[in-house]
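Novice: Provided below: model-v5.txt, containing compact mmCIF, C-alpha atoms.
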```txt
# COMPACT_ATOMS: atom_id res chain seq x y z
CA MET S 1 -18.54 -45.45 -20.89
CA VAL S 2 -19.61 -46.96 -17.59
CA ILE S 3 -22.05 -49.51 -19.05
CA PHE S 4 -19.41 -50.72 -21.50
CA GLU S 5 -16.91 -51.20 -18.65
CA ILE S 6 -19.46 -53.04 -16.49
CA GLU S 7 -20.27 -55.39 -19.37
CA SER S 8 -16.64 -55.95 -20.32
CA ARG S 9 -15.34 -56.94 -16.89
CA LYS S 10 -16.88 -59.88 -15.02
CA ASN S 11 -17.85 -59.16 -11.41
CA VAL S 12 -16.59 -55.57 -11.59
CA ASN S 13 -17.72 -53.42 -8.66
CA ALA S 14 -20.32 -51.41 -10.57
CA ASP S 15 -21.04 -49.10 -7.62
CA ALA S 16 -17.36 -48.15 -7.25
CA LEU S 17 -17.06 -47.61 -11.00
CA MET S 18 -20.14 -45.40 -11.05
CA GLU S 19 -18.88 -43.43 -8.06
CA LYS S 20 -15.70 -42.55 -10.00
CA TYR S 21 -17.75 -40.93 -12.78
CA HIS S 22 -20.44 -39.61 -10.44
CA HIS S 23 -17.98 -37.28 -8.70
CA LYS S 24 -17.12 -35.60 -12.00
CA LEU S 25 -20.68 -34.29 -12.35
CA LYS S 26 -21.22 -31.03 -10.47
CA LYS S 27 -24.98 -30.58 -10.76
CA THR S 28 -27.30 -32.66 -8.57
CA GLU S 29 -29.73 -33.22 -11.45
CA ASP S 30 -26.90 -34.44 -13.71
CA ARG S 31 -25.81 -36.94 -11.05
CA ALA S 32 -29.37 -38.21 -10.65
CA LEU S 33 -29.80 -38.63 -14.42
CA PHE S 34 -26.46 -40.45 -14.66
CA VAL S 35 -27.54 -43.03 -12.06
CA GLU S 36 -30.99 -43.30 -13.67
CA LEU S 37 -29.53 -44.04 -17.10
CA VAL S 38 -26.89 -46.55 -15.95
CA HIS S 39 -29.26 -48.46 -13.69
CA GLY S 40 -32.08 -48.16 -16.20
CA VAL S 41 -30.09 -49.70 -19.04
CA LEU S 42 -28.82 -52.51 -16.80
CA ARG S 43 -32.31 -53.09 -15.40
CA TYR S 44 -34.03 -53.31 -18.79
CA LYS S 45 -31.24 -54.41 -21.14
CA ASN S 46 -33.18 -57.25 -22.77
CA ILE S 47 -36.20 -55.20 -23.74
CA LEU S 48 -33.99 -52.36 -24.97
CA ASP S 49 -32.12 -54.83 -27.18
CA TYR S 50 -35.43 -56.24 -28.42
CA TYR S 51 -36.50 -52.80 -29.67
CA ILE S 52 -33.09 -52.07 -31.21
CA ASN S 53 -32.78 -55.44 -32.95
CA PHE S 54 -36.36 -55.23 -34.25
CA VAL S 55 -35.40 -52.30 -36.46
CA ALA S 56 -31.69 -53.16 -36.91
CA LYS S 57 -32.22 -56.51 -38.57
CA LYS S 58 -28.50 -57.33 -38.71
CA GLY S 59 -27.95 -56.27 -35.11
CA VAL S 60 -25.38 -53.78 -33.81
CA LYS S 61 -21.82 -55.11 -33.75
CA ASP S 62 -20.06 -52.10 -32.22
CA LYS S 63 -20.61 -52.41 -28.43
CA LYS S 64 -20.12 -48.71 -27.76
CA ILE S 65 -22.66 -47.77 -30.41
CA LEU S 66 -25.01 -50.41 -29.00
CA ASN S 67 -24.78 -48.84 -25.55
CA ILE S 68 -25.49 -45.38 -26.96
CA LEU S 69 -28.60 -46.88 -28.58
CA ARG S 70 -29.58 -48.58 -25.31
CA ILE S 71 -29.32 -45.32 -23.35
CA ALA S 72 -31.36 -43.47 -25.95
CA THR S 73 -33.96 -46.25 -26.18
CA TYR S 74 -34.30 -46.26 -22.39
CA GLU S 75 -34.99 -42.53 -22.50
CA LEU S 76 -37.57 -43.03 -25.28
CA LEU S 77 -39.40 -45.83 -23.45
CA PHE S 78 -39.09 -44.87 -19.78
CA LEU S 79 -38.29 -41.15 -19.35
CA ASP S 80 -41.19 -38.85 -20.21
CA LYS S 81 -39.42 -35.63 -19.27
CA ILE S 82 -36.85 -35.78 -22.09
CA PRO S 83 -38.30 -34.90 -25.53
CA ASP S 84 -37.74 -37.52 -28.24
CA TYR S 85 -35.90 -35.08 -30.51
CA ALA S 86 -33.45 -34.19 -27.69
CA THR S 87 -32.74 -37.89 -27.06
CA VAL S 88 -32.06 -38.55 -30.76
CA ASN S 89 -29.84 -35.47 -31.16
CA GLU S 90 -27.78 -36.30 -28.06
CA ALA S 91 -27.32 -39.93 -29.18
CA CYS S 92 -26.17 -38.81 -32.62
CA GLU S 93 -23.60 -36.47 -31.09
CA LEU S 94 -22.30 -39.26 -28.85
CA ALA S 95 -22.11 -41.62 -31.82
CA LYS S 96 -20.16 -39.04 -33.83
CA ASN S 97 -17.53 -38.94 -31.06
CA VAL S 98 -17.23 -42.74 -31.05
CA ASN S 99 -17.43 -43.35 -34.79
CA LYS S 100 -18.54 -40.51 -37.06
CA ASN S 101 -19.61 -43.03 -39.72
CA GLN S 102 -22.26 -44.39 -37.33
CA LYS S 103 -24.13 -41.11 -36.71
CA ASP S 104 -26.68 -41.65 -39.51
CA PHE S 105 -27.13 -45.29 -38.46
CA VAL S 106 -27.97 -44.26 -34.89
CA ASN S 107 -30.32 -41.56 -36.13
CA ALA S 108 -32.16 -44.06 -38.37
CA ILE S 109 -32.50 -46.71 -35.65
CA LEU S 110 -33.93 -44.31 -33.07
CA ARG S 111 -36.36 -42.65 -35.47
CA ASN S 112 -37.58 -46.10 -36.53
CA ILE S 113 -38.12 -47.07 -32.87
CA ILE S 114 -40.19 -43.91 -32.33
CA ARG S 115 -42.21 -44.47 -35.51
CA ARG S 116 -42.74 -48.22 -35.08
CA LYS S 117 -43.24 -48.40 -31.29
CA ASP S 118 -46.79 -49.80 -31.49
CA GLU S 119 -45.73 -52.41 -34.05
CA ILE S 120 -42.85 -53.55 -31.82
CA GLU S 121 -45.13 -53.83 -28.77
CA LYS S 122 -47.61 -55.98 -30.72
CA ALA S 123 -44.79 -58.25 -31.87
CA LEU S 124 -43.70 -58.68 -28.24
CA GLU S 125 -47.24 -59.69 -27.29
CA ARG S 126 -47.07 -62.43 -29.93
CA VAL S 127 -43.92 -63.76 -28.21
CA LYS S 128 -46.03 -64.07 -25.04
CA GLU S 129 -48.52 -66.29 -26.85
CA VAL S 130 -45.75 -68.61 -28.11
CA ASN S 131 -43.46 -68.85 -25.04
CA ILE S 132 -44.26 -67.07 -21.77
CA LYS S 133 -40.71 -67.41 -20.40
CA ASP S 134 -39.17 -65.91 -23.54
CA PHE S 135 -41.64 -63.05 -23.15
CA LEU S 136 -40.72 -62.53 -19.46
CA SER S 137 -37.02 -62.67 -20.26
CA ILE S 138 -37.53 -59.81 -22.73
CA LYS S 139 -40.27 -57.79 -21.02
CA LEU S 140 -38.86 -57.92 -17.48
CA SER S 141 -35.26 -58.29 -18.71
CA TYR S 142 -33.81 -61.27 -16.87
CA PRO S 143 -31.65 -64.15 -18.12
CA LYS S 144 -33.72 -67.28 -18.73
CA PHE S 145 -31.67 -69.40 -16.34
CA LEU S 146 -32.62 -67.09 -13.45
CA ILE S 147 -36.33 -67.30 -14.27
CA ASP S 148 -36.07 -71.12 -14.39
CA TYR S 149 -34.03 -71.23 -11.18
CA LEU S 150 -36.46 -69.12 -9.15
CA GLU S 151 -39.46 -70.95 -10.60
CA LYS S 152 -37.98 -74.25 -9.42
CA SER S 153 -37.69 -72.79 -5.91
CA TYR S 154 -40.93 -70.80 -5.59
CA GLY S 155 -43.26 -71.60 -8.50
CA PHE S 156 -44.10 -69.55 -11.58
CA ASP S 157 -46.56 -66.99 -10.18
CA LYS S 158 -44.37 -66.14 -7.19
CA THR S 159 -41.32 -65.81 -9.45
CA VAL S 160 -43.10 -63.26 -11.64
CA LYS S 161 -44.04 -61.18 -8.57
CA ILE S 162 -40.44 -61.30 -7.30
CA LEU S 163 -38.96 -60.30 -10.66
CA GLU S 164 -41.44 -57.46 -11.13
CA PHE S 165 -40.62 -56.03 -7.70
CA LEU S 166 -36.87 -56.37 -8.23
CA ASN S 167 -37.24 -54.03 -11.21
CA THR S 168 -38.58 -51.21 -8.99
CA LYS S 169 -36.34 -48.37 -7.84
CA PRO S 170 -35.19 -48.61 -4.20
CA LEU S 171 -35.15 -45.81 -1.66
CA GLN S 172 -32.11 -45.17 0.53
CA SER S 173 -32.51 -47.34 3.62
CA ILE S 174 -30.86 -46.28 6.89
CA LYS S 175 -30.87 -47.59 10.46
CA ILE S 176 -31.05 -45.14 13.36
CA ASN S 177 -28.10 -45.44 15.78
CA THR S 178 -30.11 -45.79 18.98
CA LYS S 179 -26.93 -45.56 21.08
CA LYS S 180 -26.76 -41.89 20.13
CA ILE S 181 -30.31 -40.78 19.47
CA SER S 182 -33.91 -41.92 19.90
CA GLN S 183 -36.19 -42.63 16.96
CA ALA S 184 -38.41 -39.63 17.78
CA GLU S 185 -35.45 -37.22 18.08
CA PHE S 186 -33.94 -38.49 14.83
CA LEU S 187 -37.16 -38.00 12.88
CA LYS S 188 -37.44 -34.45 14.22
CA LYS S 189 -33.92 -33.71 12.98
CA LEU S 190 -34.75 -35.25 9.59
CA GLU S 191 -37.78 -32.99 9.26
CA ALA S 192 -35.80 -29.93 10.37
CA CYS S 193 -33.24 -30.67 7.65
CA GLY S 194 -36.00 -30.93 5.04
CA TYR S 195 -35.73 -34.63 4.22
CA GLU S 196 -38.75 -36.58 3.04
CA TYR S 197 -38.92 -40.05 4.59
CA LYS S 198 -40.99 -43.15 5.30
CA VAL S 199 -40.77 -45.56 8.25
CA PRO S 200 -41.62 -49.25 7.67
CA GLU S 201 -43.95 -50.83 10.22
CA LEU S 202 -41.81 -53.98 10.49
CA ASN S 203 -38.88 -52.10 12.03
CA ARG S 204 -39.43 -48.53 13.21
CA GLU S 205 -35.67 -47.97 13.56
CA ILE S 206 -35.28 -48.25 9.77
CA VAL S 207 -35.98 -45.11 7.76
CA TYR S 208 -36.42 -44.79 3.99
CA ILE S 209 -35.17 -41.49 2.59
CA VAL S 210 -37.56 -40.44 -0.17
CA LYS S 211 -35.76 -37.26 -1.20
CA GLY S 212 -32.31 -35.82 -0.54
CA ASN S 213 -28.71 -37.09 -0.26
CA ILE S 214 -28.46 -37.79 3.45
CA LYS S 215 -24.82 -38.91 3.31
CA GLU S 216 -23.81 -35.27 2.82
CA SER S 217 -25.69 -34.19 5.97
CA GLU S 218 -24.53 -33.42 9.51
CA LEU S 219 -26.73 -36.31 10.65
CA TYR S 220 -24.33 -38.68 8.90
CA ARG S 221 -21.21 -36.96 10.19
CA ASP S 222 -22.60 -36.97 13.74
CA GLY S 223 -23.10 -40.75 13.59
CA TYR S 224 -26.86 -40.76 14.05
CA PHE S 225 -27.39 -43.49 11.46
CA TYR S 226 -25.76 -46.11 9.28
CA TYR S 227 -26.84 -47.78 6.08
CA GLN S 228 -28.81 -50.99 6.45
CA ASP S 229 -31.64 -52.60 4.51
CA LEU S 230 -34.80 -53.63 6.34
CA ALA S 231 -34.15 -57.28 5.40
CA SER S 232 -30.75 -57.57 7.08
CA SER S 233 -32.02 -55.74 10.18
CA PHE S 234 -34.28 -58.73 10.90
CA ILE S 235 -31.35 -60.85 12.12
CA VAL S 236 -31.10 -58.75 15.29
CA LYS S 237 -34.71 -57.51 15.31
CA TRP S 238 -36.21 -61.01 15.40
CA ASN S 239 -33.60 -62.39 17.82
CA ARG S 240 -32.94 -59.44 20.11
CA ASP S 241 -32.90 -61.49 23.32
CA ASP S 242 -30.11 -63.72 21.98
CA PHE S 243 -27.98 -60.70 21.05
CA GLU S 244 -28.65 -58.78 24.25
CA LYS S 245 -27.42 -61.59 26.52
CA ALA S 246 -24.50 -62.73 24.32
CA SER S 247 -21.11 -61.95 25.84
CA SER S 248 -19.21 -62.56 22.58
CA ILE S 249 -20.36 -62.19 18.97
CA LEU S 250 -18.41 -62.88 15.77
CA ASP S 251 -19.46 -61.21 12.53
CA LEU S 252 -17.62 -63.44 10.09
CA CYS S 253 -17.98 -61.46 6.82
CA ALA S 254 -18.87 -58.06 8.23
CA ALA S 255 -18.39 -55.47 5.47
CA PRO S 256 -20.03 -53.06 4.90
CA GLY S 257 -20.86 -53.37 8.60
CA GLY S 258 -24.62 -52.97 9.10
CA LYS S 259 -25.03 -56.13 11.16
CA THR S 260 -21.91 -55.38 13.24
CA PHE S 261 -23.30 -51.95 14.12
CA ASN S 262 -26.72 -53.45 14.85
CA CYS S 263 -25.13 -55.96 17.26
CA ALA S 264 -23.04 -53.27 18.93
CA GLU S 265 -26.22 -51.31 19.67
CA VAL S 266 -27.92 -54.09 21.63
CA THR S 267 -25.34 -56.48 23.09
CA ARG S 268 -23.96 -56.24 26.61
CA GLY S 269 -20.86 -58.06 25.40
CA PHE S 270 -18.38 -57.38 22.58
CA VAL S 271 -18.32 -57.96 18.81
CA VAL S 272 -15.41 -59.19 16.70
CA SER S 273 -16.00 -57.85 13.20
CA CYS S 274 -14.07 -59.54 10.40
CA ASP S 275 -13.43 -59.21 6.70
CA VAL S 276 -10.75 -60.41 4.31
CA ASN S 277 -10.57 -57.09 2.40
CA LYS S 278 -8.19 -54.50 3.92
CA SER S 279 -9.89 -51.46 2.40
CA LYS S 280 -13.27 -52.65 3.70
CA ILE S 281 -11.77 -53.12 7.16
CA GLU S 282 -10.55 -49.51 7.12
CA ARG S 283 -14.04 -48.29 6.22
CA LEU S 284 -15.44 -50.39 9.06
CA ARG S 285 -13.06 -48.71 11.51
CA GLU S 286 -13.96 -45.25 10.19
CA ASN S 287 -17.66 -45.96 10.62
CA LEU S 288 -17.19 -47.32 14.13
CA LEU S 289 -15.49 -44.05 15.12
CA ARG S 290 -18.27 -42.02 13.49
CA LEU S 291 -20.98 -44.06 15.20
CA GLY S 292 -19.27 -44.10 18.61
CA PHE S 293 -19.21 -47.86 19.27
CA ASP S 294 -16.47 -48.95 21.68
CA ASN S 295 -17.46 -52.61 22.03
CA VAL S 296 -16.26 -53.76 18.59
CA VAL S 297 -12.88 -55.22 17.63
CA VAL S 298 -12.10 -55.20 13.89
CA ALA S 299 -9.91 -58.00 12.53
CA GLU S 300 -8.63 -59.06 9.14
CA ASN S 301 -9.72 -62.67 8.68
CA ASP S 302 -10.41 -65.08 5.82
CA ALA S 303 -13.63 -66.98 6.53
CA LEU S 304 -12.38 -69.86 4.36
CA THR S 305 -9.39 -70.49 6.64
CA LEU S 306 -9.90 -71.87 10.15
CA ASN S 307 -8.71 -69.33 12.73
CA GLU S 308 -7.46 -71.32 15.74
CA ASP S 309 -7.76 -68.23 17.96
CA PHE S 310 -11.53 -68.18 17.40
CA VAL S 311 -12.27 -71.85 18.13
CA GLY S 312 -14.85 -72.26 20.92
CA LYS S 313 -14.88 -68.56 21.82
CA PHE S 314 -18.25 -67.16 20.70
CA ASP S 315 -21.87 -67.27 21.83
CA ILE S 316 -23.09 -66.11 18.41
CA VAL S 317 -21.58 -66.25 14.94
CA ILE S 318 -23.20 -64.19 12.20
CA ALA S 319 -22.37 -65.91 8.92
CA ASP S 320 -23.73 -63.52 6.30
CA LEU S 321 -21.80 -65.23 3.54
CA PRO S 322 -20.83 -64.49 -0.07
CA CYS S 323 -23.74 -65.25 -2.39
CA SER S 324 -25.15 -64.54 -5.84
CA GLY S 325 -26.91 -61.45 -4.47
CA PHE S 326 -30.14 -61.87 -6.45
CA GLY S 327 -32.09 -60.27 -3.60
CA THR S 328 -30.28 -56.95 -4.18
CA ILE S 329 -31.04 -56.59 -7.91
CA ARG S 330 -33.06 -53.41 -7.25
CA LYS S 331 -29.88 -51.69 -6.06
CA LYS S 332 -27.42 -53.59 -8.26
CA PRO S 333 -29.14 -54.49 -11.55
CA ASP S 334 -25.81 -55.56 -13.08
CA ILE S 335 -26.10 -58.74 -10.94
CA LYS S 336 -28.69 -59.98 -13.44
CA TRP S 337 -26.03 -60.28 -16.10
CA ASN S 338 -22.83 -61.23 -14.26
CA LYS S 339 -23.97 -64.40 -12.48
CA THR S 340 -24.39 -67.90 -13.96
CA LYS S 341 -25.74 -71.31 -12.91
CA GLU S 342 -22.15 -72.36 -12.26
CA ASP S 343 -21.68 -69.39 -9.91
CA ILE S 344 -24.67 -70.53 -7.83
CA GLU S 345 -23.21 -74.00 -7.42
CA ASN S 346 -19.72 -72.70 -6.62
CA LEU S 347 -21.12 -70.31 -4.01
CA HIS S 348 -23.13 -73.13 -2.40
CA GLU S 349 -19.89 -75.08 -1.92
CA LEU S 350 -18.08 -71.98 -0.64
CA GLN S 351 -20.82 -71.33 1.91
CA LEU S 352 -20.54 -74.88 3.25
CA LYS S 353 -16.78 -74.52 3.77
CA MET S 354 -17.23 -71.25 5.63
CA LEU S 355 -20.01 -72.68 7.78
CA ASP S 356 -17.72 -75.60 8.73
CA ASN S 357 -15.34 -73.05 10.23
CA ALA S 358 -18.14 -71.02 11.81
CA ALA S 359 -19.37 -74.15 13.61
CA GLN S 360 -16.00 -74.53 15.32
CA TYR S 361 -15.99 -70.94 16.58
CA LEU S 362 -19.07 -71.48 18.77
CA LYS S 363 -19.23 -72.39 22.43
CA GLU S 364 -21.56 -75.22 23.36
CA GLY S 365 -25.14 -73.98 23.10
CA GLY S 366 -24.08 -71.16 20.78
CA ILE S 367 -25.98 -69.98 17.71
CA ILE S 368 -25.04 -69.47 14.06
CA PHE S 369 -27.18 -66.99 12.14
CA TYR S 370 -26.61 -68.01 8.54
CA SER S 371 -27.85 -65.44 6.06
CA THR S 372 -27.60 -64.44 2.42
CA CYS S 373 -28.94 -61.54 0.36
CA THR S 374 -30.05 -63.91 -2.38
CA LEU S 375 -33.05 -65.97 -3.45
CA GLY S 376 -33.37 -69.60 -4.54
CA HIS S 377 -33.07 -72.84 -2.58
CA ARG S 378 -29.55 -73.86 -3.60
CA GLU S 379 -27.71 -71.17 -1.62
CA ASN S 380 -30.29 -71.04 1.16
CA GLU S 381 -32.32 -74.09 2.22
CA ASP S 382 -29.98 -76.55 0.45
CA THR S 383 -26.92 -75.06 2.15
CA VAL S 384 -28.62 -75.36 5.56
CA LEU S 385 -29.68 -78.95 4.85
CA LYS S 386 -26.16 -80.00 3.79
CA PHE S 387 -24.68 -78.30 6.85
CA LEU S 388 -27.05 -80.14 9.21
CA GLU S 389 -26.34 -83.47 7.52
CA LYS S 390 -22.65 -83.03 8.34
CA HIS S 391 -22.97 -81.34 11.75
CA LYS S 392 -25.20 -83.63 13.82
CA ASP S 393 -24.59 -81.51 16.93
CA PHE S 394 -26.60 -78.65 15.40
CA SER S 395 -30.36 -78.21 15.12
CA LEU S 396 -32.40 -75.84 12.98
CA ILE S 397 -34.38 -73.41 15.16
CA SER S 398 -35.89 -71.42 12.27
CA GLN S 399 -35.37 -70.38 8.69
CA ASN S 400 -37.08 -67.54 6.85
CA THR S 401 -37.03 -66.19 3.32
CA ILE S 402 -37.70 -62.48 3.19
CA PHE S 403 -39.49 -62.21 -0.14
CA PRO S 404 -38.89 -58.75 -1.63
CA ASP S 405 -42.37 -58.43 -3.10
CA GLU S 406 -43.94 -59.10 0.31
CA TYR S 407 -41.62 -57.13 2.60
CA LYS S 408 -40.83 -54.33 0.08
CA CYS S 409 -37.09 -54.61 0.69
CA ASP S 410 -34.14 -56.73 -0.43
CA GLY S 411 -34.64 -60.44 -0.88
CA PHE S 412 -32.94 -62.18 2.06
CA PHE S 413 -32.63 -65.51 3.87
CA ILE S 414 -31.96 -66.15 7.57
CA ALA S 415 -31.44 -69.51 9.30
CA LYS S 416 -30.92 -69.88 13.04
CA LEU S 417 -28.75 -72.92 13.87
CA LYS S 418 -28.09 -73.94 17.47
CA LYS S 419 -25.23 -76.04 18.76
CA GLU S 420 -25.97 -78.63 21.46
CA GLY S 421 -25.28 -77.68 25.08
CA ASN S 422 -25.68 -74.56 27.18
CA VAL S 423 -23.78 -71.30 26.82
```
Please re-express this file's structure in structure tokens.
Specialist:
Amino acid sequence: MVIFEIESRKNVNADALMEKYHHKLKKTEDRALFVELVHGVLRYKNILDYYINFVAKKGVKDKKILNILRIATYELLFLDKIPDYATVNEACELAKNVNKNQKDFVNAILRNIIRRKDEIEKALERVKEVNIKDFLSIKLSYPKFLIDYLEKSYGFDKTVKILEFLNTKPLQSIKINTKKISQAEFLKKLEACGYEYKVPELNREIVYIVKGNIKESELYRDGYFYYQDLASSFIVKWNRDDFEKASSILDLCAAPGGKTFNCAEVTRGFVVSCDVNKSKIERLRENLLRLGFDNVVVAENDALTLNEDFVGKFDIVIADLPCSGFGTIRKKPDIKWNKTKEDIENLHELQLKMLDNAAQYLKEGGIIFYSTCTLGHRENEDTVLKFLEKHKDFSLISQNTIFPDEYKCDGFFIAKLKKEGNV
């Protein structure tokens, strides 16, 4: 079972694991339900466990049986289209295949949840009266350390708004390849193909696909778009003049490539696009061919190791560095459960080491765009502050947190850091 594998292996690539099972399902509706159930259980694991443990006083020791109960409880609480009896019957059949002795147990637990739903909800409200953070940890399903961490950075009320939004379901977000097609022409083609879409006001070259799998379309094969979230598009959108006039740009940790492609669209110069992962580099090359960009060089490079060939060569370095990824929880709800306080601290130190190298790759007067797809001061403002304390030849031009609840996209952070001198 996918959920069992995700839970059992720390930092497993949940998307890749899901894709493996996803391809085995032939019907579109079966694929959609599969994603709904996996993401739903990961998104609301704490509240599902609260319901299960309320009626199973001794808990559920068998992890596979527990995950069958979680899936069924998610259907009971969140999916109106599936009748309760169908959910219970399907869960019992699954339990019989795992452990035939547990079928009656599963049946009893689920029927008790259905019968005692109001009682369980009232008990949860009493938790709210005793300890609001315990209540939020259950109701919104987040680890307590993450609630505390974000509260320390942004305050309690803002944290609640962020966590509520991160539990919403994201739409596919794509960026029009303006080297190949105009925004107006692209939208006409979308409509002709029958796709439902929305266009955010903050960047009209981003399109949200409301309905339909656009990756299987000719529009994808013809290179008219690439995948990019609104948040990460702001690096180039808000600093277009810098990217247009730059003769040399380094994308230090480029995969999956959105920012590289965005740079290639607007710059008059060239882009060196790097990653340490060979398979990701190959996908970058494939996408560059599909999109038709001829001003990008792809290179295998470890951002933690100083590359002497890069020293003093670039006008701009994009340092979109490894992070805890809390801003992407809508798309990757497993992140809630596979990151710790220690991970945040370790990533902060890692970011500083990579930025030390990035600083050396700039020409005088060059710019580092430091970004993360996470939230919380330690990996964002604190990393910038520590960098500036060490690198006195840099100044902070701007830093912005893209709050997901305000911008209706991923949570993101961007800092613009300028080196002394003139390019």
Novice: Taking 6 positions as the minimum chain separation for residues in the same chain, which residues sit within 12 Å of Tyr224 (chain S) when counting all atoms listed in the file? Answer as number ranges by chain.
Specialist: S: 174-183, 185-187, 189-190, 205, 207, 214-215, 217-218, 261, 265, 287-293
Novice: Counting only C-alpha atoms, write as a list in words all protein and nucleic acid residues lying at most 10 Å from (-22.8, -66.4, -9.1) in the file's frame.
Specialist: Asn11, Pro322, Cys323, Ser324, Gly325, Phe326, Ile335, Lys336, Trp337, Asn338, Lys339, Thr340, Lys341, Glu342, Asp343, Ile344, Glu345, Asn346, Leu347 and His348 of chain S
Novice: Could you please determine the separation between CA of Leu140 (chain S) and CA of Tyr44 (chain S) in Å, to one decimal place?
Specialist: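 So the two atoms, CA of Leu140 (chain S) and CA of Tyr44 (chain S), lie 6.8 Å apart.
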Novice: Nearest to Ile113 (chain S) among S:Ile138, S:Leu219, S:Val55, S:Ile397, with distances taken over all atoms listed in the file: which residue is it?
Specialist: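 The closest residue to Ile113 (chain S) is S:Val55.
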Novice: With distances taken over all atoms listed in the file, which of S:Ala95, S:Asn301, S:Ala32, S:Lys313 is nearest to Asn107 (chain S)?
Specialist: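 Comparing S:Ala95, S:Asn301, S:Ala32, S:Lys313 against Asn107 (chain S), the winner is S:Ala95.
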Novice: CA of Phe369 (chain S) and CA of Gln399 (chain S) are how many Å apart?
Specialist: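 Computed distance, CA of Phe369 (chain S) to CA of Gln399 (chain S), equals 9.5 Å.
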Novice: Could you please determine the separation between CA of Ile147 (chain S) and CA of Leu321 (chain S) in Å, to one decimal place?
Specialist: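 Going from CA of Ile147 (chain S) over to CA of Leu321 (chain S) covers 23.1 Å.
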Novice: Have a look at S:Leu48, S:Asp309, S:Tyr195, S:Glu300 and name the one nearest to Asn67 (chain S); count only C-alpha atoms.
Specialist: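 Smallest separation from Asn67 (chain S) among the options: S:Leu48.
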Novice: Can you list, as number ranges by chain, every protein, DNA or RNA residue that comes within 12 Å of Tyr370 (chain S) when you count all atoms listed in the file, leaving out same-chain residues fewer than 6 positions away?
Specialist: S: 232, 235, 251-253, 316-323, 351-352, 354-356, 358-359, 379-381, 383-385, 387, 396-401, 412-418
Novice: With 9 Å as the threshold, what does the neighbourhood of (-37.1, -51.2, 8.6) contain in terms of residues, counting only C-alpha atoms? Coordinates are those of the file; answer as an MDAnalysis selection string.
Specialist: chainID S and resid 173:175 199:208 228:231 233:234 409
Novice: Have a look at S:Cys373, S:Leu284, S:Ile329, S:Val236 and name the one nearest to Lys169 (chain S); count all atoms listed in the file.
Specialist: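 Of S:Cys373, S:Leu284, S:Ile329, S:Val236, the one nearest Lys169 (chain S) is S:Ile329, counting all atoms listed in the file.
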Novice: Counting only C-alpha atoms, which of S:His39, S:Ile368, S:Leu388, S:Asp15 gets nearest to Asn239 (chain S)?
Specialist: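 Selected residue with least distance to Asn239 (chain S): S:Ile368.
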Novice: Residues within 7 Å of Lys245 (chain S), please, as a ChimeraX atom specification. Count only C-alpha atoms; anything in the same chain fewer than 3 positions from it doesn't count.
Specialist: /S:241-242,267-268
Novice: Measuring atom to atom with only C-alpha atoms, identify which of S:Leu166, S:Leu33, S:Ile65, S:Leu124 is nearest to Lys332 (chain S).
Specialist: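 Smallest distance to Lys332 (chain S) is found for S:Leu166.
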Novice: Near Ala264 (chain S), counting all atoms listed in the file, which residues have an atom at most 10 Å away, once you skip same-chain residues fewer than 5 positions from it, shown as a list in words?
Specialist: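 Result of the neighbour search: Asn177, Lys179, Phe243, Glu244, Ile249, Gly258, Lys259, Gly269, Phe270, Val271, Val272, Leu288, Gly292, Phe293, Asp294, Asn295 and Val296 of chain S.
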Novice: Give me the residues near region 77-80 of chain S as a list of chain:residue names, where near means some atom within 10 Å (using all atoms listed in the file) and where sequence neighbours in that chain fewer than 2 positions away do not count.
Specialist: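 Listed by chain and then number, they are S:Glu36, S:Leu37, S:Gly40, S:Tyr44, S:Ile47, S:Leu48, S:Tyr51, S:Ala72, S:Thr73, S:Tyr74, S:Glu75, S:Ile82, S:Pro83, S:Asp84, S:Ile113, S:Ile114, S:Lys117.
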